[in-house]
file model-v6.csv (CSV, C-alpha atoms and all ligand atoms)
chain,number,residue,atom,x,y,z
H,247,MET,CA,-187.3,-149.7,-49.6
H,248,LYS,CA,-183.6,-150.4,-49.0
H,249,ILE,CA,-182.7,-153.6,-47.1
H,250,ALA,CA,-179.1,-154.3,-46.4
H,251,ILE,CA,-177.7,-157.7,-45.7
H,252,ALA,CA,-174.6,-157.5,-43.5
H,253,SER,CA,-172.5,-159.6,-41.2
H,254,GLY,CA,-169.7,-158.9,-38.8
H,255,LYS,CA,-167.4,-161.4,-40.6
H,256,GLY,CA,-167.1,-163.1,-43.9
H,257,GLY,CA,-168.3,-166.6,-44.7
H,258,THR,CA,-171.7,-166.4,-42.9
H,259,GLY,CA,-173.7,-166.8,-46.1
H,260,LYS,CA,-174.6,-163.1,-46.4
H,261,THR,CA,-174.4,-163.1,-50.2
H,262,THR,CA,-176.4,-166.3,-50.5
H,263,ILE,CA,-179.2,-164.7,-48.4
H,264,ALA,CA,-179.1,-161.5,-50.6
H,265,ALA,CA,-179.3,-163.5,-53.8
H,266,ASN,CA,-182.1,-165.8,-52.6
H,267,LEU,CA,-184.1,-163.0,-51.1
H,268,ALA,CA,-183.8,-160.9,-54.3
H,269,LEU,CA,-184.9,-163.9,-56.4
H,270,SER,CA,-187.9,-164.5,-54.2
H,271,LEU,CA,-189.3,-161.0,-54.6
H,272,GLN,CA,-190.7,-159.1,-57.6
H,273,ASP,CA,-189.4,-155.9,-59.1
H,274,VAL,CA,-186.1,-155.9,-57.2
H,275,ARG,CA,-182.8,-154.2,-57.7
H,276,LEU,CA,-179.8,-156.1,-56.2
H,277,LEU,CA,-176.8,-154.0,-55.4
H,278,ASP,CA,-173.5,-155.8,-54.6
H,279,CYS,CA,-171.6,-153.4,-52.4
H,280,ASP,CA,-168.9,-156.0,-51.5
H,281,VAL,CA,-166.7,-154.2,-54.1
H,282,GLU,CA,-163.5,-156.0,-53.2
H,283,GLU,CA,-165.1,-159.3,-54.1
H,284,PRO,CA,-168.5,-158.9,-55.6
H,285,ASN,CA,-170.0,-162.3,-56.1
H,286,CYS,CA,-173.8,-162.0,-56.1
H,287,ASN,CA,-173.7,-162.5,-59.8
H,288,LEU,CA,-172.1,-166.0,-59.3
H,289,PHE,CA,-175.7,-167.0,-58.4
H,290,LEU,CA,-177.6,-164.8,-60.8
H,291,LYS,CA,-175.2,-165.4,-63.8
H,292,LYS,CA,-176.3,-162.3,-65.7
H,293,GLU,CA,-174.3,-160.6,-68.4
H,294,LEU,CA,-172.9,-157.3,-66.9
H,295,GLU,CA,-171.9,-154.2,-68.7
H,296,PRO,CA,-169.8,-151.3,-67.3
H,297,ILE,CA,-171.8,-148.1,-66.9
H,298,ALA,CA,-169.4,-145.8,-65.0
H,299,GLU,CA,-165.8,-145.4,-63.8
H,300,VAL,CA,-165.2,-144.3,-60.2
H,301,VAL,CA,-162.7,-141.5,-60.0
H,302,SER,CA,-161.1,-140.4,-56.7
H,303,GLU,CA,-159.0,-137.3,-56.1
H,304,ILE,CA,-155.6,-137.7,-54.4
H,305,PRO,CA,-153.0,-135.0,-53.6
H,306,GLU,CA,-150.1,-134.2,-55.8
H,307,ILE,CA,-147.4,-132.1,-54.2
H,308,VAL,CA,-145.8,-129.2,-56.1
H,309,GLU,CA,-142.5,-129.6,-54.3
H,310,GLU,CA,-140.9,-126.3,-55.4
H,311,ASP,CA,-143.7,-124.5,-53.5
H,312,CYS,CA,-143.5,-126.7,-50.4
H,313,THR,CA,-141.8,-125.4,-47.3
H,314,TYR,CA,-141.9,-128.8,-45.5
H,315,CYS,CA,-144.0,-127.3,-42.7
H,316,LYS,CA,-145.6,-130.7,-42.0
H,317,LYS,CA,-149.2,-129.2,-41.7
H,318,CYS,CA,-150.5,-131.7,-44.3
H,319,SER,CA,-148.9,-134.8,-42.8
H,320,ASP,CA,-150.0,-133.7,-39.3
H,321,PHE,CA,-153.5,-133.3,-40.6
H,322,CYS,CA,-153.8,-136.6,-42.4
H,323,ARG,CA,-155.0,-139.2,-40.0
H,324,PHE,CA,-154.6,-141.9,-42.6
H,325,ASN,CA,-150.8,-141.4,-42.8
H,326,ALA,CA,-151.0,-140.9,-46.5
H,327,ILE,CA,-148.5,-138.1,-46.4
H,328,ALA,CA,-145.1,-138.0,-44.7
H,329,THR,CA,-143.0,-134.9,-44.5
H,330,LEU,CA,-139.2,-135.3,-44.1
H,331,PRO,CA,-136.8,-132.4,-43.6
H,332,ASN,CA,-136.2,-132.0,-47.4
H,333,LYS,CA,-138.7,-134.4,-48.9
H,334,ILE,CA,-142.4,-135.0,-48.9
H,335,LEU,CA,-143.9,-138.4,-49.7
H,336,THR,CA,-147.4,-139.4,-50.6
H,337,PHE,CA,-149.0,-142.9,-50.3
H,338,PRO,CA,-152.0,-142.9,-52.6
H,339,SER,CA,-153.1,-146.3,-51.5
H,340,LEU,CA,-153.7,-144.9,-48.0
H,341,CYS,CA,-155.5,-141.7,-49.1
H,342,HIS,CA,-159.2,-141.5,-48.5
H,343,SER,CA,-159.6,-138.4,-50.8
H,344,CYS,CA,-160.9,-136.2,-48.0
H,345,GLY,CA,-159.2,-133.2,-49.5
H,346,GLY,CA,-158.1,-131.9,-46.0
H,347,CYS,CA,-154.4,-131.7,-46.8
H,348,MET,CA,-155.2,-129.3,-49.7
H,349,LEU,CA,-157.2,-127.1,-47.4
H,350,VAL,CA,-154.5,-126.8,-44.6
H,351,CYS,CA,-151.5,-126.3,-46.9
H,352,PRO,CA,-150.6,-122.6,-46.4
H,353,GLU,CA,-148.5,-122.5,-49.6
H,354,GLY,CA,-151.1,-123.9,-52.0
H,355,ALA,CA,-148.5,-126.6,-52.8
H,356,ILE,CA,-151.0,-129.4,-53.1
H,357,LYS,CA,-152.9,-130.0,-56.3
H,358,LYS,CA,-155.6,-132.6,-57.0
H,359,ARG,CA,-154.9,-135.6,-59.2
H,360,GLU,CA,-157.7,-137.9,-60.4
H,361,ILE,CA,-157.2,-141.6,-60.4
H,362,VAL,CA,-159.7,-144.3,-61.5
H,363,THR,CA,-160.3,-146.7,-58.5
H,364,GLY,CA,-163.2,-148.8,-59.7
H,365,THR,CA,-166.1,-149.6,-62.1
H,366,ILE,CA,-169.8,-149.8,-61.7
H,367,ARG,CA,-171.5,-152.5,-63.8
H,368,LYS,CA,-175.1,-153.5,-64.3
H,369,SER,CA,-177.0,-156.4,-65.8
H,370,LEU,CA,-178.2,-155.9,-69.3
H,371,ALA,CA,-181.8,-156.7,-68.7
H,372,GLY,CA,-184.2,-157.2,-65.8
H,373,ASP,CA,-187.8,-157.9,-65.6
H,374,GLU,CA,-190.4,-158.1,-62.8
H,375,THR,CA,-189.5,-161.6,-61.8
H,376,SER,CA,-185.7,-161.4,-62.3
H,377,PRO,CA,-183.7,-158.9,-60.2
H,378,GLU,CA,-181.6,-156.3,-61.9
H,379,ILE,CA,-178.1,-156.4,-60.6
H,380,TYR,CA,-175.7,-153.6,-60.1
H,381,GLU,CA,-172.2,-154.2,-58.8
H,382,GLY,CA,-169.2,-152.1,-57.8
H,383,LEU,CA,-165.7,-153.5,-58.6
H,384,LEU,CA,-162.7,-152.0,-56.9
H,385,ASP,CA,-159.6,-152.0,-59.2
H,386,ILE,CA,-156.9,-154.5,-58.2
H,387,GLY,CA,-154.3,-152.8,-56.0
H,388,LYS,CA,-156.7,-150.0,-54.9
H,389,THR,CA,-157.9,-149.7,-51.3
H,390,MET,CA,-160.5,-147.0,-51.5
H,391,ALA,CA,-163.7,-149.1,-51.4
H,392,SER,CA,-166.0,-146.4,-50.0
H,393,PRO,CA,-166.0,-144.1,-53.1
H,394,VAL,CA,-166.9,-147.1,-55.2
H,395,ILE,CA,-169.7,-148.0,-52.9
H,396,ALA,CA,-170.9,-144.4,-52.7
H,397,GLU,CA,-171.0,-144.3,-56.5
H,398,LEU,CA,-172.8,-147.7,-56.7
H,399,LYS,CA,-175.5,-146.5,-54.2
H,400,LYS,CA,-176.5,-143.8,-56.7
H,401,SER,CA,-178.1,-146.7,-58.5
H,402,ILE,CA,-180.6,-147.3,-55.7
H,403,ASP,CA,-184.1,-147.0,-57.2
H,404,PRO,CA,-186.5,-145.4,-54.6
H,405,GLY,CA,-189.5,-146.8,-56.5
H,406,ARG,CA,-188.4,-150.4,-56.0
H,407,THR,CA,-187.2,-152.9,-53.4
H,408,ASN,CA,-183.4,-152.6,-53.2
H,409,ILE,CA,-181.5,-155.5,-51.7
H,410,ILE,CA,-178.0,-154.4,-50.8
H,411,ASP,CA,-175.3,-156.9,-50.1
H,412,ALA,CA,-172.8,-155.2,-47.7
H,413,PRO,CA,-169.1,-156.0,-47.4
H,414,PRO,CA,-168.2,-158.2,-44.4
H,415,GLY,CA,-166.9,-156.7,-41.2
H,416,THR,CA,-167.5,-153.3,-39.6
H,417,ALA,CA,-165.0,-151.0,-41.3
H,418,CYS,CA,-165.6,-147.8,-43.4
H,419,PRO,CA,-167.0,-149.6,-46.4
H,420,VAL,CA,-169.7,-151.2,-44.3
H,421,LEU,CA,-170.6,-147.8,-42.8
H,422,THR,CA,-170.8,-146.3,-46.3
H,423,THR,CA,-173.0,-149.2,-47.4
H,424,LEU,CA,-175.4,-149.0,-44.4
H,425,GLU,CA,-175.8,-145.3,-44.3
H,426,ASP,CA,-179.4,-144.4,-45.1
H,427,VAL,CA,-180.7,-147.9,-45.5
H,428,ASP,CA,-184.2,-148.6,-44.1
H,429,TYR,CA,-183.5,-152.0,-42.5
H,430,CYS,CA,-180.5,-154.3,-41.9
H,431,ILE,CA,-180.6,-158.1,-41.8
H,432,LEU,CA,-177.6,-159.2,-39.8
H,433,VAL,CA,-176.5,-162.7,-40.9
H,434,THR,CA,-174.6,-164.9,-38.4
H,435,GLU,CA,-173.9,-168.5,-37.6
H,436,PRO,CA,-174.6,-170.2,-34.3
H,437,THR,CA,-171.1,-170.4,-32.9
H,438,PRO,CA,-169.1,-168.4,-30.4
H,439,PHE,CA,-167.2,-166.7,-33.3
H,440,GLY,CA,-170.6,-165.9,-34.9
H,441,LEU,CA,-171.8,-164.3,-31.7
H,442,HIS,CA,-168.6,-162.3,-31.2
H,443,ASP,CA,-168.9,-160.8,-34.7
H,444,LEU,CA,-172.7,-160.3,-34.5
H,445,LYS,CA,-172.1,-158.1,-31.4
H,446,LEU,CA,-169.7,-155.9,-33.5
H,447,ALA,CA,-172.2,-155.7,-36.4
H,448,LEU,CA,-175.0,-154.9,-33.9
H,449,GLU,CA,-173.0,-152.0,-32.6
H,450,VAL,CA,-172.7,-150.6,-36.1
H,451,ALA,CA,-176.5,-150.9,-36.7
H,452,ARG,CA,-177.3,-149.4,-33.4
H,453,THR,CA,-174.8,-146.5,-33.8
H,454,LEU,CA,-176.3,-145.7,-37.2
H,455,GLY,CA,-179.8,-146.0,-35.8
H,456,ILE,CA,-180.8,-148.6,-38.4
H,457,PRO,CA,-183.7,-151.0,-37.6
H,458,HIS,CA,-182.3,-154.5,-37.7
H,459,GLY,CA,-182.9,-158.2,-37.0
H,460,VAL,CA,-180.8,-161.3,-37.1
H,461,LEU,CA,-180.9,-164.2,-39.5
H,462,ILE,CA,-179.2,-167.4,-38.2
H,463,ASN,CA,-177.6,-169.4,-41.0
H,464,ARG,CA,-176.6,-173.0,-40.6
H,465,SER,CA,-178.9,-173.2,-37.6
H,466,GLY,CA,-178.4,-176.4,-35.6
H,467,SER,CA,-174.7,-176.7,-36.5
H,468,GLY,CA,-173.3,-175.0,-33.4
H,469,ASP,CA,-174.7,-173.9,-30.1
H,470,ASP,CA,-177.5,-171.8,-28.8
H,471,SER,CA,-175.4,-168.8,-27.7
H,472,VAL,CA,-176.6,-166.5,-30.6
H,473,GLU,CA,-180.2,-167.3,-30.0
H,474,GLU,CA,-180.0,-166.9,-26.2
H,475,TYR,CA,-178.2,-163.6,-26.7
H,476,CYS,CA,-180.8,-162.3,-29.1
H,477,ILE,CA,-183.6,-163.3,-26.8
H,478,ALA,CA,-181.9,-161.7,-23.8
H,479,GLU,CA,-181.3,-158.5,-25.7
H,480,GLY,CA,-184.7,-158.3,-27.3
H,481,ILE,CA,-183.3,-158.6,-30.8
H,482,ASP,CA,-185.7,-160.0,-33.5
H,483,ILE,CA,-184.6,-163.3,-34.9
H,484,LEU,CA,-186.0,-163.0,-38.4
H,485,MET,CA,-185.3,-166.4,-39.8
H,486,LYS,CA,-183.3,-169.6,-39.2
H,487,ILE,CA,-181.9,-171.5,-42.1
H,488,PRO,CA,-180.9,-175.0,-41.0
H,489,GLN,CA,-177.6,-176.8,-41.7
H,490,ASP,CA,-178.9,-178.7,-44.8
H,491,THR,CA,-176.9,-180.9,-47.1
H,492,ARG,CA,-179.2,-180.0,-50.1
H,493,ILE,CA,-178.7,-176.2,-49.5
H,494,ALA,CA,-174.9,-176.7,-49.2
H,495,GLN,CA,-174.8,-178.8,-52.4
H,496,LEU,CA,-176.7,-176.2,-54.4
H,497,TYR,CA,-174.5,-173.5,-53.0
H,498,SER,CA,-171.4,-175.4,-54.1
H,499,GLU,CA,-172.9,-175.5,-57.6
H,500,GLY,CA,-173.7,-171.8,-57.6
H,501,ILE,CA,-177.4,-172.4,-57.6
H,502,PRO,CA,-179.7,-170.2,-55.4
H,503,PHE,CA,-181.6,-172.7,-53.3
H,504,VAL,CA,-184.9,-171.0,-53.8
H,505,GLN,CA,-184.8,-172.1,-57.4
H,506,GLU,CA,-184.8,-175.8,-56.4
H,507,MET,CA,-186.5,-175.6,-53.1
H,508,GLU,CA,-189.6,-173.6,-53.9
H,509,ASP,CA,-191.0,-173.6,-50.3
H,510,TRP,CA,-188.0,-171.3,-49.3
H,511,LYS,CA,-189.3,-168.7,-51.8
H,512,ASP,CA,-192.5,-168.3,-49.7
H,513,LYS,CA,-190.3,-168.1,-46.5
H,514,PHE,CA,-188.3,-165.3,-48.0
H,515,ILE,CA,-191.5,-163.5,-49.1
H,516,GLN,CA,-192.7,-163.8,-45.5
H,517,LEU,CA,-189.4,-162.5,-44.2
H,518,TYR,CA,-189.7,-159.5,-46.5
H,519,ASP,CA,-193.3,-158.9,-45.4
H,520,SER,CA,-192.3,-159.1,-41.7
H,521,ILE,CA,-189.4,-156.6,-42.3
H,522,LYS,CA,-191.8,-154.2,-44.0
H,523,GLU,CA,-194.1,-154.4,-41.0
H,524,ARG,CA,-191.3,-154.0,-38.5
H,525,TYR,CA,-189.9,-151.1,-40.4
H,526,GLY,CA,-193.4,-149.5,-40.5
H,527,ARG,CA,-193.6,-149.9,-36.7
H,528,GLU,CA,-190.1,-148.3,-36.2
H,529,VAL,CA,-191.1,-145.3,-38.5
H,530,GLU,CA,-194.3,-144.7,-36.5
H,531,ALA,CA,-192.5,-145.0,-33.1
H,601,LIG,S1,-156.8,-136.2,-49.2
H,601,LIG,FE1,-157.2,-136.6,-47.0
H,601,LIG,S2,-156.6,-138.7,-46.8
H,601,LIG,FE2,-155.7,-138.1,-48.7
H,601,LIG,S3,-153.6,-137.5,-48.2
H,601,LIG,FE3,-154.9,-135.6,-48.0
H,601,LIG,S4,-155.6,-135.5,-45.9
H,601,LIG,FE4,-154.8,-137.6,-46.3
H,602,LIG,S1,-148.7,-128.3,-45.9
H,602,LIG,FE1,-148.0,-127.7,-47.9
H,602,LIG,S2,-146.1,-126.6,-47.5
H,602,LIG,FE2,-146.6,-127.7,-45.7
H,602,LIG,S3,-145.4,-129.6,-46.0
H,602,LIG,FE3,-147.5,-130.0,-46.8
H,602,LIG,S4,-147.3,-129.5,-49.0
H,602,LIG,FE4,-145.5,-128.6,-48.0

call {"tool": "encode", "arguments": {"input": "model-v6.csv", "output": "structure tokens", "more": "lines below"}}
Ligand code: SF4
Ligand code: SF4
result
Amino acid sequence: MKIAIASGKGGTGKTTIAANLALSLQDVRLLDCDVEEPNCNLFLKKELEPIAEVVSEIPEIVEEDCTYCKKCSDFCRFNAIATLPNKILTFPSLCHSCGGCMLVCPEGAIKKREIVTGTIRKSLAGDETSPEIYEGLLDIGKTMASPVIAELKKSIDPGRTNIIDAPPGTACPVLTTLEDVDYCILVTEPTPFGLHDLKLALEVARTLGIPHGVLINRSGSGDDSVEEYCIAEGIDILMKIPQDTRIAQLYSEGIPFVQEMEDWKDKFIQLYDSIKERYGREVEA
């Protein structure tokens, strides 16, 4: 099963939930898809080794063959090519490696050039009670997170429970992460900002047709708007984690709270069981 942990904005505690859930279950693979800032391993503290480089293809213009017809720059919706009267410019950091410019060029004046954009790393060892961790790491200065995430997702093990920590927000890297997952836990906090960003994340989950539920972190610290919204919309509230000084202290020390507060392990196991049940119902429906 593939369970993604996502949120419409950063700072909701998404990674904390992913790490604590993974540590509460057995035979788990934890994938850190927040490739611009992977930090699940801050909690798991495993030794990681690189297992693959992520290579993307960007256009390289053969200028002597170019007639400056502009077809490539007109096609590129990411503005990664600009055609001037006697000059053509490419902006590799904006390129999404779709290959379209190469297809539309009537002169065959665009070649592919491979560049390394990131690395996939995995933990050296895992056992039944300690999650294996895989993480993607986007190279500094590179902007193409989606290819790194797509490569990382090849490490999903269909025979295990895969916990997938998504990047924050609702942009392309989130869509790449959530594509094909079985269930999505949307983490939010009980504030008007939390509700605003939850609505955006819900839109993504609904558009992709992914069964989902909401986890309210730091419950009791704000207002009831998130809870009231979920009830009114018929959205499952899967769990509420209270604003708790002990949890905050453990977080600040990089310690997953299930390691020190054993009763939370049982609650995460119950959460997982309820997700499996809800997912089963969705599949049958
Ligand atoms: S490969 Fe796609 S994104 Fe990159 S420059 Fe060409 S058209 Fe634009
Ligand atoms: S489509 Fe080809 S020929 Fe036309 S401007 Fe682009 S590179 Fe040059």

call {"tool": "residues_near_ligand", "arguments": {"input": "model-v6.csv", "ligand": "ligand LIG 602 (chain H)", "cutoff": "10 Å", "atoms": "all atoms listed in the file", "output": "count of residues only"}}
result
37

call {"tool": "closest_residue", "arguments": {"input": "model-v6.csv", "among": "H:Cys341, H:Leu269, H:Val362, H:Ala252", "to": "H:Ser302", "atoms": "all atoms listed in the file"}}
result
H:Val362

call {"tool": "closest_residue", "arguments": {"input": "model-v6.csv", "among": "H:Ala494, H:Ser270, H:Asp443, H:Asp428", "to": "H:Gly415", "atoms": "all atoms listed in the file"}}
result
H:Asp443

call {"tool": "closest_residue", "arguments": {"input": "model-v6.csv", "among": "H:Val427, H:Leu421, H:Leu383, H:Ala326", "to": "ligand LIG 601 (chain H)", "atoms": "all atoms listed in the file"}}
result
H:Ala326

call {"tool": "atom_distance", "arguments": {"input": "model-v6.csv", "atom1": "atom CA of H:Gln505", "atom2": "atom CA of H:Gln272"}}
result
14.3 Å

call {"tool": "closest_residue", "arguments": {"input": "model-v6.csv", "among": "H:Asp403, H:Asp482, H:Asp411, H:Asp385", "to": "H:Asp280", "atoms": "all atoms listed in the file"}}
result
H:Asp411

call {"tool": "residues_around", "arguments": {"input": "model-v6.csv", "residues": "H:Ala412", "least_positions_apart": "3", "cutoff": "8 Å", "atoms": "only C-alpha atoms", "output": "list of chain:residue names"}}
result
H:Ala250, H:Ile251, H:Ala252, H:Ser253, H:Asp278, H:Cys279, H:Asp280, H:Val420, H:Thr423, H:Leu424

call {"tool": "closest_residue", "arguments": {"input": "model-v6.csv", "among": "H:Glu381, H:Glu299, H:Glu425, H:Glu435", "to": "H:Ile487", "atoms": "only C-alpha atoms"}}
result
H:Glu435

call {"tool": "residues_around", "arguments": {"input": "model-v6.csv", "residues": "H:Pro419", "least_positions_apart": "2", "cutoff": "8 Å", "atoms": "only C-alpha atoms", "output": "ChimeraX atom specification"}}
result
/H:391-392,395,413,416-417,421-423

call {"tool": "write_last_selection", "arguments": {"input": "model-v6.csv", "atoms": "C-alpha atoms", "output": "mmCIF file, in the frame of the given file"}}
result
data_model
loop_
_atom_site.group_PDB
_atom_site.id
_atom_site.type_symbol
_atom_site.label_atom_id
_atom_site.label_comp_id
_atom_site.auth_asym_id
_atom_site.auth_seq_id
_atom_site.Cartn_x
_atom_site.Cartn_y
_atom_site.Cartn_z
ATOM 1 C CA ALA H 391 -163.700 -149.100 -51.400
ATOM 2 C CA SER H 392 -166.000 -146.400 -50.000
ATOM 3 C CA ILE H 395 -169.700 -148.000 -52.900
ATOM 4 C CA PRO H 413 -169.100 -156.000 -47.400
ATOM 5 C CA THR H 416 -167.500 -153.300 -39.600
ATOM 6 C CA ALA H 417 -165.000 -151.000 -41.300
ATOM 7 C CA LEU H 421 -170.600 -147.800 -42.800
ATOM 8 C CA THR H 422 -170.800 -146.300 -46.300
ATOM 9 C CA THR H 423 -173.000 -149.200 -47.400
#

call {"tool": "decode", "arguments": {"input": "model-v6.csv", "residues": "stretch 270-281 of chain H", "atoms": "N, CA and C atoms", "output": "PDB file, in the first residue's frame"}}
result
ATOM      1  N   SER H 270       5.942   3.420  13.653  1.00  0.00           N
ATOM      2  CA  SER H 270       4.936   2.680  14.425  1.00  0.00           C
ATOM      3  C   SER H 270       4.541   1.371  13.748  1.00  0.00           C
ATOM      4  N   LEU H 271       4.842   1.250  12.458  1.00  0.00           N
ATOM      5  CA  LEU H 271       4.394   0.092  11.691  1.00  0.00           C
ATOM      6  C   LEU H 271       5.572  -0.845  11.431  1.00  0.00           C
ATOM      7  N   GLN H 272       5.260  -2.023  10.947  1.00  0.00           N
ATOM      8  CA  GLN H 272       6.313  -2.992  10.645  1.00  0.00           C
ATOM      9  C   GLN H 272       6.479  -3.126   9.135  1.00  0.00           C
ATOM     10  N   ASP H 273       7.686  -3.462   8.748  1.00  0.00           N
ATOM     11  CA  ASP H 273       7.996  -3.749   7.348  1.00  0.00           C
ATOM     12  C   ASP H 273       7.618  -2.583   6.432  1.00  0.00           C
ATOM     13  N   VAL H 274       8.171  -1.425   6.761  1.00  0.00           N
ATOM     14  CA  VAL H 274       7.803  -0.188   6.062  1.00  0.00           C
ATOM     15  C   VAL H 274       8.961   0.345   5.242  1.00  0.00           C
ATOM     16  N   ARG H 275       8.636   0.924   4.115  1.00  0.00           N
ATOM     17  CA  ARG H 275       9.611   1.706   3.352  1.00  0.00           C
ATOM     18  C   ARG H 275       9.151   3.163   3.396  1.00  0.00           C
ATOM     19  N   LEU H 276      10.027   4.036   3.831  1.00  0.00           N
ATOM     20  CA  LEU H 276       9.706   5.465   3.934  1.00  0.00           C
ATOM     21  C   LEU H 276      10.410   6.198   2.799  1.00  0.00           C
ATOM     22  N   LEU H 277       9.628   6.881   1.961  1.00  0.00           N
ATOM     23  CA  LEU H 277      10.205   7.613   0.832  1.00  0.00           C
ATOM     24  C   LEU H 277      10.071   9.110   1.086  1.00  0.00           C
ATOM     25  N   ASP H 278      11.178   9.806   1.094  1.00  0.00           N
ATOM     26  CA  ASP H 278      11.159  11.252   1.331  1.00  0.00           C
ATOM     27  C   ASP H 278      11.193  11.961  -0.025  1.00  0.00           C
ATOM     28  N   CYS H 279      10.002  12.371  -0.475  1.00  0.00           N
ATOM     29  CA  CYS H 279       9.869  13.041  -1.774  1.00  0.00           C
ATOM     30  C   CYS H 279       9.990  14.559  -1.666  1.00  0.00           C
ATOM     31  N   ASP H 280      10.264  15.072  -0.491  1.00  0.00           N
ATOM     32  CA  ASP H 280      10.474  16.519  -0.339  1.00  0.00           C
ATOM     33  C   ASP H 280      11.920  16.803  -0.752  1.00  0.00           C
ATOM     34  N   VAL H 281      12.179  16.658  -2.068  1.00  0.00           N
ATOM     35  CA  VAL H 281      13.565  16.555  -2.547  1.00  0.00           C
ATOM     36  C   VAL H 281      14.358  17.863  -2.448  1.00  0.00           C
TER      37      VAL H 281
END
